[in-house]
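Content type mmCIF, C-alpha atoms, from the file upload-v4.cif:
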```cif
data_target
loop_
_atom_site.label_atom_id
_atom_site.label_comp_id
_atom_site.auth_asym_id
_atom_site.auth_seq_id
_atom_site.Cartn_x
_atom_site.Cartn_y
_atom_site.Cartn_z
CA MET A 128 41.10 -19.96 43.07
CA SER A 129 42.60 -16.56 43.75
CA LEU A 130 44.80 -17.09 40.69
CA GLN A 131 41.73 -17.94 38.61
CA THR A 132 39.91 -14.89 39.98
CA ARG A 133 42.86 -12.65 39.20
CA THR A 134 43.17 -14.13 35.73
CA ALA A 135 39.47 -13.66 35.02
CA ALA A 136 39.53 -10.13 36.32
CA ASP A 137 42.66 -9.26 34.41
CA GLY A 138 41.58 -11.15 31.29
CA PRO A 139 40.13 -8.22 29.33
CA ALA A 140 43.15 -6.08 30.16
CA LEU A 141 45.49 -8.86 29.13
CA ARG A 142 43.68 -9.27 25.82
CA GLN A 143 44.17 -5.59 25.00
CA PRO A 144 47.52 -5.03 23.27
CA PRO A 145 49.78 -2.50 24.93
CA LYS A 146 49.66 0.93 23.34
CA ALA A 147 52.99 1.22 21.57
CA ASP A 148 54.59 4.58 20.98
CA VAL A 149 56.82 3.18 18.25
CA LYS A 150 55.19 1.67 15.18
CA PRO A 151 57.13 -1.04 13.30
CA THR A 152 58.87 -0.31 10.02
CA VAL A 153 58.14 -2.81 7.22
CA PHE A 154 61.44 -2.75 5.34
CA ARG A 155 60.49 -5.32 2.69
CA ILE A 156 57.67 -3.05 1.51
CA LEU A 157 59.83 0.07 1.72
CA LEU A 158 62.52 -1.60 -0.41
CA ALA A 159 59.90 -2.87 -2.87
CA ILE A 160 58.25 0.54 -3.32
CA SER A 161 61.67 2.17 -3.64
CA LEU A 162 62.55 -0.37 -6.34
CA VAL A 163 59.38 0.50 -8.25
CA HIS A 164 60.20 4.19 -7.80
CA LEU A 165 63.56 3.37 -9.41
CA PHE A 166 61.75 1.70 -12.33
CA ASN A 167 59.21 4.52 -12.71
CA ASP A 168 61.75 7.33 -12.69
CA THR A 169 64.17 5.38 -14.87
CA ILE A 170 61.43 5.27 -17.51
CA GLN A 171 60.73 8.96 -16.96
CA SER A 172 64.44 9.58 -17.46
CA VAL A 173 64.12 8.00 -20.90
CA ILE A 174 62.54 11.31 -22.00
CA PRO A 175 65.50 13.65 -21.31
CA ALA A 176 67.89 10.85 -22.31
CA ILE A 177 66.30 10.41 -25.74
CA LEU A 178 65.75 14.15 -26.21
CA PRO A 179 69.07 14.84 -28.00
CA ILE A 180 68.30 11.97 -30.40
CA LEU A 181 64.78 13.25 -31.13
CA LYS A 182 66.06 16.82 -31.46
CA GLU A 183 68.47 15.71 -34.18
CA THR A 184 66.31 13.17 -36.07
CA MET A 185 63.10 15.24 -36.00
CA GLN A 186 64.86 18.60 -36.39
CA LEU A 187 63.39 20.09 -33.19
CA ASN A 188 64.32 23.48 -31.74
CA TYR A 189 64.97 24.12 -28.04
CA THR A 190 61.37 25.22 -27.41
CA GLN A 191 59.93 22.04 -28.95
CA SER A 192 62.39 19.99 -26.89
CA GLY A 193 61.23 21.80 -23.77
CA ILE A 194 57.57 21.11 -24.64
CA ILE A 195 58.29 17.35 -24.62
CA VAL A 196 59.57 17.62 -21.04
CA PHE A 197 56.66 19.96 -20.24
CA ALA A 198 54.12 17.39 -21.50
CA LEU A 199 55.60 14.72 -19.23
CA ASN A 200 56.00 16.77 -16.08
CA MET A 201 52.88 18.90 -16.35
CA THR A 202 50.67 15.81 -16.78
CA ALA A 203 52.16 14.37 -13.60
CA SER A 204 51.96 17.65 -11.69
CA VAL A 205 48.31 18.36 -12.50
CA MET A 206 47.10 14.83 -11.78
CA GLN A 207 49.16 13.98 -8.69
CA PRO A 208 47.19 16.10 -6.17
CA VAL A 209 43.93 14.85 -7.72
CA VAL A 210 45.00 11.22 -7.32
CA GLY A 211 46.22 11.96 -3.78
CA LEU A 212 42.94 13.65 -2.80
CA TYR A 213 40.90 10.75 -4.19
CA SER A 214 42.98 8.05 -2.50
CA ASP A 215 42.94 9.94 0.84
CA ARG A 216 39.16 9.44 0.77
CA LYS A 217 39.01 6.02 -0.88
CA PRO A 218 42.29 4.06 -0.86
CA ARG A 219 42.62 1.94 -4.03
CA PRO A 220 45.66 -0.36 -3.66
CA TYR A 221 45.48 -1.70 -7.21
CA MET A 222 45.84 1.77 -8.72
CA LEU A 223 49.59 1.13 -8.49
CA PRO A 224 49.88 -1.62 -11.15
CA ILE A 225 47.26 0.14 -13.29
CA GLY A 226 49.43 3.26 -13.32
CA MET A 227 52.46 1.26 -14.42
CA GLY A 228 50.29 -0.15 -17.21
CA PHE A 229 49.92 3.38 -18.63
CA THR A 230 53.69 3.76 -18.38
CA PHE A 231 54.19 0.50 -20.31
CA LEU A 232 52.00 1.75 -23.17
CA GLY A 233 53.75 5.12 -23.17
CA VAL A 234 57.29 3.78 -23.42
CA LEU A 235 56.20 1.33 -26.14
CA GLY A 236 54.71 4.21 -28.13
CA LEU A 237 57.82 6.33 -27.62
CA ALA A 238 60.01 3.63 -29.15
CA ILE A 239 58.02 3.45 -32.38
CA ALA A 240 56.53 6.97 -32.69
CA PRO A 241 57.18 8.22 -36.26
CA ASN A 242 56.50 11.90 -35.61
CA TYR A 243 56.48 14.67 -33.00
CA THR A 244 52.74 14.41 -32.28
CA LEU A 245 52.89 10.71 -31.39
CA VAL A 246 55.98 11.34 -29.27
CA LEU A 247 53.95 13.86 -27.25
CA LEU A 248 51.04 11.38 -26.89
CA SER A 249 53.41 8.66 -25.66
CA VAL A 250 55.00 11.07 -23.20
CA LEU A 251 51.54 11.99 -21.86
CA LEU A 252 50.83 8.30 -21.12
CA ILE A 253 54.10 8.04 -19.17
CA GLY A 254 53.09 11.20 -17.29
CA VAL A 255 49.71 9.69 -16.33
CA GLY A 256 51.44 6.57 -15.01
CA SER A 257 53.81 8.69 -12.95
CA ALA A 258 50.94 10.81 -11.61
CA ILE A 259 49.20 7.70 -10.30
CA PHE A 260 52.36 6.19 -8.84
CA HIS A 261 53.89 9.05 -6.84
CA PRO A 262 51.13 9.93 -4.31
CA GLU A 263 50.22 6.27 -3.86
CA GLY A 264 53.88 5.26 -3.56
CA SER A 265 54.43 7.98 -0.97
CA ARG A 266 51.39 6.70 0.94
CA VAL A 267 52.80 3.17 0.95
CA ALA A 268 56.12 4.55 2.27
CA TYR A 269 54.22 6.44 4.99
CA MET A 270 52.29 3.33 6.05
CA ALA A 271 55.30 0.99 5.91
CA GLY A 272 57.57 3.50 7.64
CA GLY A 273 55.74 3.25 10.96
CA SER A 274 57.33 5.76 13.33
CA ARG A 275 60.42 6.27 11.15
CA ARG A 276 58.81 8.44 8.50
CA GLY A 277 61.85 10.53 7.68
CA LEU A 278 63.88 7.40 6.95
CA ALA A 279 60.95 5.81 5.08
CA GLN A 280 60.51 8.82 2.81
CA SER A 281 64.25 8.88 2.11
CA ILE A 282 64.27 5.18 1.15
CA PHE A 283 61.30 5.79 -1.13
CA GLN A 284 62.70 8.92 -2.76
CA VAL A 285 66.23 7.61 -3.25
CA GLY A 286 64.83 5.00 -5.62
CA GLY A 287 63.36 7.75 -7.77
CA ASN A 288 66.46 9.91 -7.77
CA SER A 289 68.61 6.89 -8.58
CA GLY A 290 66.37 6.28 -11.59
CA GLN A 291 66.72 9.91 -12.65
CA SER A 292 70.51 9.63 -12.45
CA LEU A 293 70.44 6.92 -15.12
CA ALA A 294 69.31 9.32 -17.86
CA SER A 295 72.85 10.25 -18.84
CA VAL A 296 73.97 6.62 -18.79
CA MET A 297 71.04 5.63 -21.01
CA THR A 298 71.94 8.35 -23.49
CA ALA A 299 75.51 7.09 -23.77
CA LEU A 300 74.86 3.32 -23.66
CA VAL A 301 71.39 2.90 -25.18
CA PHE A 302 70.19 5.80 -27.30
CA ALA A 303 73.48 6.94 -28.83
CA PRO A 304 74.11 3.49 -30.43
CA LEU A 305 70.48 2.33 -30.91
CA GLY A 306 68.56 5.56 -31.45
CA GLN A 307 64.85 5.97 -30.69
CA ILE A 308 64.04 2.23 -30.93
CA GLY A 309 66.26 1.66 -27.89
CA ALA A 310 63.30 2.73 -25.73
CA ILE A 311 61.67 -0.65 -26.48
CA TRP A 312 63.93 -2.27 -23.85
CA PHE A 313 62.19 -0.28 -21.12
CA THR A 314 58.90 -2.08 -21.71
CA ALA A 315 60.58 -4.97 -19.83
CA VAL A 316 61.33 -2.61 -16.92
CA ALA A 317 57.66 -1.54 -16.84
CA GLY A 318 56.55 -5.20 -16.92
CA ILE A 319 58.71 -6.07 -13.90
CA GLY A 320 57.36 -2.95 -12.17
CA ILE A 321 53.78 -4.17 -12.65
CA ALA A 322 54.67 -7.54 -11.06
CA VAL A 323 56.32 -5.90 -8.01
CA GLN A 324 53.39 -3.53 -7.59
CA LEU A 325 50.94 -6.42 -7.50
CA PHE A 326 52.91 -7.74 -4.49
CA ILE A 327 52.84 -4.30 -2.83
CA SER A 328 49.11 -3.91 -3.56
CA ARG A 329 48.32 -7.13 -1.71
CA TRP A 330 50.13 -5.82 1.38
CA TYR A 331 48.44 -2.41 0.94
CA SER A 332 45.00 -4.12 0.84
CA GLY A 333 45.79 -6.00 4.04
CA TYR A 334 46.92 -2.80 5.76
CA VAL A 335 43.72 -0.95 4.79
CA ALA A 336 41.58 -3.87 5.99
CA ALA A 337 43.43 -3.99 9.33
CA ASN A 338 43.27 -0.19 9.76
CA PRO A 339 39.75 1.07 8.96
CA PRO A 340 39.17 4.84 8.65
CA ALA A 341 38.23 5.28 12.31
CA ALA A 342 41.43 3.54 13.44
CA ARG A 343 43.58 5.53 11.00
CA ARG A 344 42.23 8.80 12.43
CA ASN A 345 43.38 7.90 15.96
CA GLY A 346 46.51 9.79 16.92
CA VAL A 347 46.35 12.12 13.91
CA ARG A 348 47.67 15.54 14.78
CA VAL A 349 45.69 18.60 13.70
CA MET A 350 46.84 22.19 13.50
CA ASP A 351 45.44 24.92 15.70
CA ARG A 352 42.83 26.78 13.66
CA LYS A 353 44.20 30.07 14.92
CA ARG A 354 47.36 29.33 12.93
CA LYS A 355 45.54 28.98 9.61
CA LYS A 356 47.10 32.11 8.04
CA HIS A 357 50.56 31.15 9.29
CA ILE A 358 50.18 27.70 7.74
CA GLN A 359 48.93 29.11 4.44
CA PHE A 360 51.93 31.46 4.32
CA ALA A 361 54.30 28.56 5.09
CA VAL A 362 52.75 26.44 2.31
CA VAL A 363 53.20 29.27 -0.22
CA MET A 364 56.80 29.77 0.90
CA LEU A 365 57.55 26.05 0.65
CA ILE A 366 56.07 25.97 -2.86
CA PHE A 367 58.27 28.91 -3.87
CA LEU A 368 61.36 27.06 -2.61
CA VAL A 369 60.33 23.94 -4.55
CA PHE A 370 59.93 26.21 -7.58
CA ALA A 371 63.50 27.51 -7.30
CA ARG A 372 64.97 24.04 -6.77
CA SER A 373 63.00 22.58 -9.70
CA TRP A 374 64.04 25.32 -12.14
CA TYR A 375 67.69 24.97 -11.18
CA HIS A 376 67.49 21.18 -11.49
CA ALA A 377 65.83 21.49 -14.92
CA GLY A 378 68.49 23.91 -16.08
CA VAL A 379 71.33 21.60 -15.11
CA THR A 380 69.89 18.24 -16.18
CA ILE A 381 68.26 19.29 -19.48
CA TYR A 382 70.32 22.17 -20.90
CA TYR A 383 73.73 22.01 -19.22
CA PRO A 384 74.85 19.10 -21.50
CA PHE A 385 74.30 21.37 -24.55
CA TYR A 386 76.27 24.10 -22.76
CA LEU A 387 79.15 21.70 -22.10
CA MET A 388 79.23 20.51 -25.71
CA GLU A 389 79.27 24.09 -26.95
CA LYS A 390 81.84 25.42 -24.48
CA PHE A 391 84.32 22.51 -24.35
CA SER A 392 83.69 20.96 -27.78
CA ILE A 393 82.96 17.53 -26.31
CA ASN A 394 80.53 14.88 -27.58
CA LEU A 395 77.14 13.97 -26.10
CA GLU A 396 78.40 10.90 -24.22
CA GLN A 397 81.11 12.93 -22.47
CA ALA A 398 78.65 15.70 -21.58
CA GLN A 399 76.19 13.21 -20.08
CA LEU A 400 78.85 11.94 -17.66
CA TYR A 401 78.73 15.33 -15.89
CA ILE A 402 74.96 15.03 -15.50
CA PHE A 403 75.28 11.46 -14.24
CA LEU A 404 77.60 12.63 -11.45
CA PHE A 405 75.17 15.43 -10.55
CA ALA A 406 72.18 13.06 -10.45
CA ALA A 407 74.01 10.20 -8.68
CA ALA A 408 75.24 12.55 -5.97
CA GLY A 409 71.66 13.85 -5.75
CA ALA A 410 70.41 10.32 -5.07
CA VAL A 411 72.88 10.02 -2.16
CA GLY A 412 71.79 13.44 -0.90
CA THR A 413 68.13 12.42 -1.08
CA PHE A 414 68.82 9.35 1.05
CA MET A 415 70.85 11.27 3.61
CA GLY A 416 68.41 14.17 3.81
CA GLY A 417 65.74 12.28 5.78
CA PRO A 418 67.98 11.04 8.64
CA LEU A 419 69.74 14.43 8.76
CA SER A 420 66.39 16.18 9.09
CA ASP A 421 65.43 13.84 11.95
CA LYS A 422 68.57 14.98 13.76
CA PHE A 423 68.97 18.63 12.75
CA GLY A 424 65.41 19.62 11.80
CA ARG A 425 63.45 19.71 8.54
CA ARG A 426 63.73 23.46 8.01
CA ASN A 427 67.48 23.46 8.61
CA VAL A 428 68.04 20.79 5.96
CA ILE A 429 65.83 22.66 3.46
CA PHE A 430 67.89 25.81 4.08
CA PHE A 431 71.19 23.92 3.69
CA SER A 432 69.92 22.32 0.49
CA MET A 433 69.10 25.64 -1.17
CA PHE A 434 71.39 28.36 0.11
CA GLY A 435 74.28 25.97 0.71
CA ALA A 436 74.37 25.21 -3.02
CA ALA A 437 74.41 28.89 -4.03
CA PRO A 438 78.18 29.66 -3.95
CA LEU A 439 79.17 26.73 -6.17
CA ALA A 440 76.16 27.28 -8.44
CA LEU A 441 77.35 30.83 -9.11
CA ILE A 442 80.85 29.57 -9.99
CA LEU A 443 79.68 26.69 -12.24
CA PRO A 444 79.15 28.66 -15.51
CA TYR A 445 82.77 29.88 -15.31
CA ALA A 446 84.39 26.61 -14.23
CA ASP A 447 86.73 24.67 -16.51
CA ALA A 448 86.07 21.07 -17.57
CA PHE A 449 87.69 19.53 -14.45
CA TRP A 450 86.14 21.79 -11.81
CA ALA A 451 82.72 21.40 -13.40
CA TYR A 452 82.90 17.72 -12.40
CA VAL A 453 83.70 18.64 -8.80
CA ILE A 454 81.04 21.35 -8.51
CA LEU A 455 78.27 19.18 -9.98
CA LEU A 456 79.19 16.30 -7.68
CA ILE A 457 78.99 18.46 -4.54
CA ASN A 458 75.96 20.49 -5.58
CA GLY A 459 74.05 17.39 -6.70
CA PHE A 460 74.31 16.10 -3.12
CA ILE A 461 73.40 19.44 -1.55
CA ILE A 462 70.52 20.57 -3.79
CA LEU A 463 68.61 17.26 -3.61
CA SER A 464 69.16 16.61 0.10
CA SER A 465 65.82 18.38 0.70
CA PHE A 466 63.82 16.40 -1.87
CA SER A 467 62.32 13.91 0.60
CA VAL A 468 62.51 16.40 3.49
CA SER A 469 60.20 18.90 1.79
CA VAL A 470 57.54 16.16 1.46
CA VAL A 471 57.81 15.17 5.14
CA TYR A 472 57.79 18.84 6.20
CA ALA A 473 54.61 19.42 4.18
CA GLN A 474 52.97 16.33 5.71
CA GLU A 475 53.70 17.74 9.18
CA LEU A 476 52.47 21.17 8.12
CA ILE A 477 49.16 19.69 6.87
CA PRO A 478 48.73 16.46 8.88
CA GLY A 479 46.22 13.77 7.91
CA LYS A 480 46.37 14.44 4.14
CA ILE A 481 49.20 12.12 3.15
CA GLY A 482 48.33 11.54 -0.49
CA THR A 483 47.12 15.06 -1.20
CA VAL A 484 50.19 16.71 0.31
CA SER A 485 52.63 14.26 -1.28
CA GLY A 486 50.95 14.74 -4.64
CA LEU A 487 50.99 18.50 -4.24
CA ILE A 488 54.68 18.81 -3.37
CA THR A 489 56.09 16.19 -5.75
CA GLY A 490 53.57 17.22 -8.38
CA LEU A 491 54.70 20.82 -8.07
CA ALA A 492 58.30 19.70 -8.38
CA PHE A 493 57.41 18.04 -11.70
CA GLY A 494 55.16 20.84 -12.89
CA LEU A 495 57.47 23.70 -12.04
CA GLY A 496 60.36 21.77 -13.53
CA ALA A 497 58.25 21.42 -16.68
CA LEU A 498 57.53 25.14 -16.81
CA GLY A 499 61.22 25.76 -16.23
CA ALA A 500 62.14 23.47 -19.13
CA VAL A 501 59.87 25.36 -21.55
CA ALA A 502 60.77 28.82 -20.25
CA LEU A 503 64.50 28.13 -20.31
CA GLY A 504 64.21 26.60 -23.78
CA GLY A 505 62.45 29.73 -25.02
CA LEU A 506 65.08 31.97 -23.43
CA ILE A 507 67.90 29.96 -25.00
CA ASP A 508 66.26 30.28 -28.42
CA LYS A 509 66.04 34.05 -27.90
CA TYR A 510 69.30 34.68 -26.06
CA HIS A 511 72.63 32.88 -25.86
CA LEU A 512 72.86 29.51 -24.09
CA GLN A 513 75.74 30.67 -21.88
CA SER A 514 73.82 33.77 -20.73
CA VAL A 515 70.78 31.71 -19.69
CA MET A 516 72.91 29.20 -17.77
CA SER A 517 74.48 32.15 -15.91
CA TRP A 518 71.00 33.39 -14.94
CA VAL A 519 70.02 29.92 -13.72
CA SER A 520 72.98 29.91 -11.32
CA PHE A 521 71.30 32.62 -9.19
CA LEU A 522 68.22 30.48 -8.35
CA PRO A 523 69.61 28.73 -5.21
CA ILE A 524 70.01 32.15 -3.52
CA ILE A 525 66.22 32.05 -3.09
CA GLY A 526 66.98 29.54 -0.31
CA LEU A 527 67.36 32.53 2.03
CA LEU A 528 63.56 32.59 2.17
CA THR A 529 63.69 29.35 4.20
CA PHE A 530 64.06 31.53 7.30
CA PHE A 531 60.40 32.54 6.86
CA LEU A 532 59.27 28.90 7.32
CA PRO A 533 58.21 27.90 10.86
CA GLY A 534 60.79 25.72 12.59
CA ASP A 535 60.14 22.12 13.56
CA ARG A 536 59.55 23.00 17.21
CA LYS A 537 57.07 25.69 16.19
CA LEU A 538 55.09 23.14 14.15
CA GLN A 539 54.89 20.89 17.22
CA GLU A 540 53.59 23.80 19.28
CA TRP A 541 50.90 24.55 16.67
CA ALA A 542 49.70 20.93 16.52
CA LYS A 543 47.64 18.87 18.92
CA GLU A 544 46.70 15.21 18.85
CA GLU A 545 43.13 14.33 17.90
CA ALA A 546 41.43 11.91 20.28
#
```
Would you mind writing the file out in structure tokens?
Amino acid sequence: MSLQTRTAADGPALRQPPKADVKPTVFRILLAISLVHLFNDTIQSVIPAILPILKETMQLNYTQSGIIVFALNMTASVMQPVVGLYSDRKPRPYMLPIGMGFTFLGVLGLAIAPNYTLVLLSVLLIGVGSAIFHPEGSRVAYMAGGSRRGLAQSIFQVGGNSGQSLASVMTALVFAPLGQIGAIWFTAVAGIGIAVQLFISRWYSGYVAANPPAARRNGVRVMDRKRKKHIQFAVVMLIFLVFARSWYHAGVTIYYPFYLMEKFSINLEQAQLYIFLFAAAGAVGTFMGGPLSDKFGRRNVIFFSMFGAAPLALILPYADAFWAYVILLINGFIILSSFSVSVVYAQELIPGKIGTVSGLITGLAFGLGALGAVALGGLIDKYHLQSVMSWVSFLPIIGLLTFFLPGDRKLQEWAKEEA
């Protein structure tokens, strides 16, 4: 009887699950969303990969080439924060496959576009698809990551950077032999992406149903209102650092192949191998950045990513053909090691706004890279290609400004947990 009494008395307590400090990580969803990120950014990489072909067949100048990249990245950058803000208020799991549907139409149009105007329209559709995917994909990574958000963001982002690294390979293996029509093969990639995103959306729907808004607000950390100006300053500084990284990345990935062909008299396929090494090393750096930031701090990794790349970046325009390989390999790892870290840092700086913040930071990376592509293209048309690439090499020095960002411990001191 005493046992029954104790059981009855303890029943309600026993029915309440213990409050766990560590939330589980759903690796199957993380791997799936990273795979779709690979698909999405592989298709985005079709644009710079096909650019030399379009430049030759449609007789485009450097400014027009830059506008194509601008149309893609600016569409994504403008829409990403809007999508993130909307989905923060009203999560819509099936936005993911719908976004990939826009990408499917865009890559189909790109393959058959007969003129510059229709190329731009197709690129805009791909940009819309990317704008929908990135904030929602980052949200899925956040939810599936549980308590291991640095690792989760790295797994998510490495898929995208791996896709970006394929641009040079696609130029050499697909577009050089097949030309513009080679883009038709990537409609199959978009189709597979839609199927995988339907699977992710079902899990996403279940997560939202199991975690209503009131439950999702529990444990959310909010910043001390007295620190509002400090936070605003930190956001502006972080944006400026993303600006510098994006312009440098645009300079290397879009225009450095032309520089290599001009300086060393090599063909397009050989030049693209350099960019592949840069992008592939960047994918490794993106993956390593999250765990390194968990151990050494977000701000420290952002500083290492920017200022650490500066010495080799300054040497690159004067390197010979062999040392250019080495420098791009090392700097690809260093400069992109902060790609996922800057998103996590921003989420901790502005807690509770996962989609909005992710859309803002990754959207800015796209948008500023787009502005960089157009600006650098215009400068190259006006000045010499080698001179502009020398100017670009100074951008990583801006990483010194990282010291003005609040450290990780300082962010913890500014934040408090909402009941």
Excluding Ala500 in chain A and residues on its chain fewer than 6 positions from it, collect all residues at most 8 Å away from it, counting only C-alpha atoms, and give them as a CSV table (one decimal) with C-alpha atoms, in the frame of the given file.
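Here's the written file result-v6.csv:
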```csv
chain,number,residue,atom,x,y,z
A,193,GLY,CA,61.2,21.8,-23.8
A,194,ILE,CA,57.6,21.1,-24.6
A,196,VAL,CA,59.6,17.6,-21.0
A,197,PHE,CA,56.7,20.0,-20.2
A,374,TRP,CA,64.0,25.3,-12.1
A,377,ALA,CA,65.8,21.5,-14.9
A,378,GLY,CA,68.5,23.9,-16.1
A,381,ILE,CA,68.3,19.3,-19.5
```
If you count all atoms listed in the file, the residue of A:Gly264, A:Phe302, A:Ala203, A:Ile311 closest to Ala238 in chain A turns out to be A:Ile311
Minimum-distance residue to Pro418 in chain A, chosen among A:Leu325, A:Ala310, A:Ala279, A:Ile477 (using all atoms listed in the file) |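 Of the candidates, the smallest distance to Pro418 in chain A is held by A:Ala279.
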Within 8 Å of Phe166 in chain A, counting all atoms listed in the file, which residues qualify if same-chain residues fewer than 5 places away don't, as a list in words?
-> Gly287, Gly290, Val316, Ala317 and Gly320 of chain A
Please provide as a list in words all residues within 10 Å of Glu396 in chain A, with the sequence filter that same-chain residues fewer than 4 positions apart are discarded (counting only C-alpha atoms).
-> Ser295, Val296, Met297, Thr298, Ala299, Leu300, Ala303, Pro384, Met388, Leu400 and Tyr401 of chain A
Would you write out, as a PDB file with C-alpha atoms, in the frame of the given file, every residue that the PyMOL selection byres ((chain A and resi 516) around 8) captures in this file?
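What ended up in result.pdb:
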```
ATOM      1  CA  GLY A 378      68.490  23.910 -16.080  1.00  0.00           C
ATOM      2  CA  TYR A 383      73.730  22.010 -19.220  1.00  0.00           C
ATOM      3  CA  TYR A 386      76.270  24.100 -22.760  1.00  0.00           C
ATOM      4  CA  PRO A 444      79.150  28.660 -15.510  1.00  0.00           C
ATOM      5  CA  LEU A 512      72.860  29.510 -24.090  1.00  0.00           C
ATOM      6  CA  GLN A 513      75.740  30.670 -21.880  1.00  0.00           C
ATOM      7  CA  SER A 514      73.820  33.770 -20.730  1.00  0.00           C
ATOM      8  CA  VAL A 515      70.780  31.710 -19.690  1.00  0.00           C
ATOM      9  CA  SER A 517      74.480  32.150 -15.910  1.00  0.00           C
ATOM     10  CA  TRP A 518      71.000  33.390 -14.940  1.00  0.00           C
ATOM     11  CA  VAL A 519      70.020  29.920 -13.720  1.00  0.00           C
ATOM     12  CA  SER A 520      72.980  29.910 -11.320  1.00  0.00           C
TER      13      SER A 520
END
```
Close residues, range 521-524 of chain A itself excluded, 9 Å, all atoms listed in the file, min 4 positions apart in chain, as a count of residues only = 17
Given the file above and the PyMOL selection byres ((chain A and resi 204) around 6), which residues are selected, and can you give them as a PyMOL selection string?
-> chain A and resi 201-203+205-207+490-491+493-494
Using all atoms listed in the file: which of A:Gly233, A:Gly417, A:Gly254, A:Gly526 has the shortest distance to Phe313 in chain A = A:Gly233
Considering all atoms listed in the file, state which residue in the set A:Ile393, A:Leu455, A:His261, A:Met350 is at the smallest distance from Leu487 in chain A.
->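 Nearest to Leu487 in chain A: A:His261.
What the PyMOL selection byres ((chain A and resi 532) around 9) picks from this file is Phe360, Ala361, Val362, Met364, Leu365, Arg426, Leu528, Thr529, Phe530, Phe531, Pro533 and Gly534 of chain A.
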Work out how far CA of Gly424 in chain A is from CA of Ala159 in chain A, in Å to one decimal.
-> 27.4 Å
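You can rank A:His511, A:Tyr243, A:Ala407, A:Ala451 by their closest distance to Leu187 in chain A using all atoms listed in the file, and at the top of that list sits A:Tyr243.
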Exercise: Ile457 in chain A partners within 9 Å, only C-alpha atoms, chain neighbours under 6 positions left out, as a PyMOL selection string = chain A and resi 405+408-409+436+439
Within 12 Å of file point (61.2, 23.5, -30.1), counting all atoms listed in the file, expressed as an NGL selection string | :A and (178-179 or 181-183 or 185-197 or 243 or 500-509)
Among listed residues A:Phe391, A:Tyr221, A:Phe423, A:Tyr452, nearest Arg536 in chain A (using all atoms listed in the file) |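 The closest residue to Arg536 in chain A is A:Phe423.
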Point (49.0, -6.4, 4.3), cut-off 12 Å, counting all atoms listed in the file, residues as JSON, numbers by chain | {"A": [153, 155, 156, 220, 267, 270, 271, 325, 326, 327, 328, 329, 330, 331, 332, 333, 334, 335, 336, 337, 338]}
CA of Gly309 in chain A to CA of Pro175 in chain A, straight-line distance in Å |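 Distance between the two atoms: 13.7 Å.
If you look at CA of Gly226 in chain A and CA of Ile321 in chain A, they are 8.6 Å away from each other.
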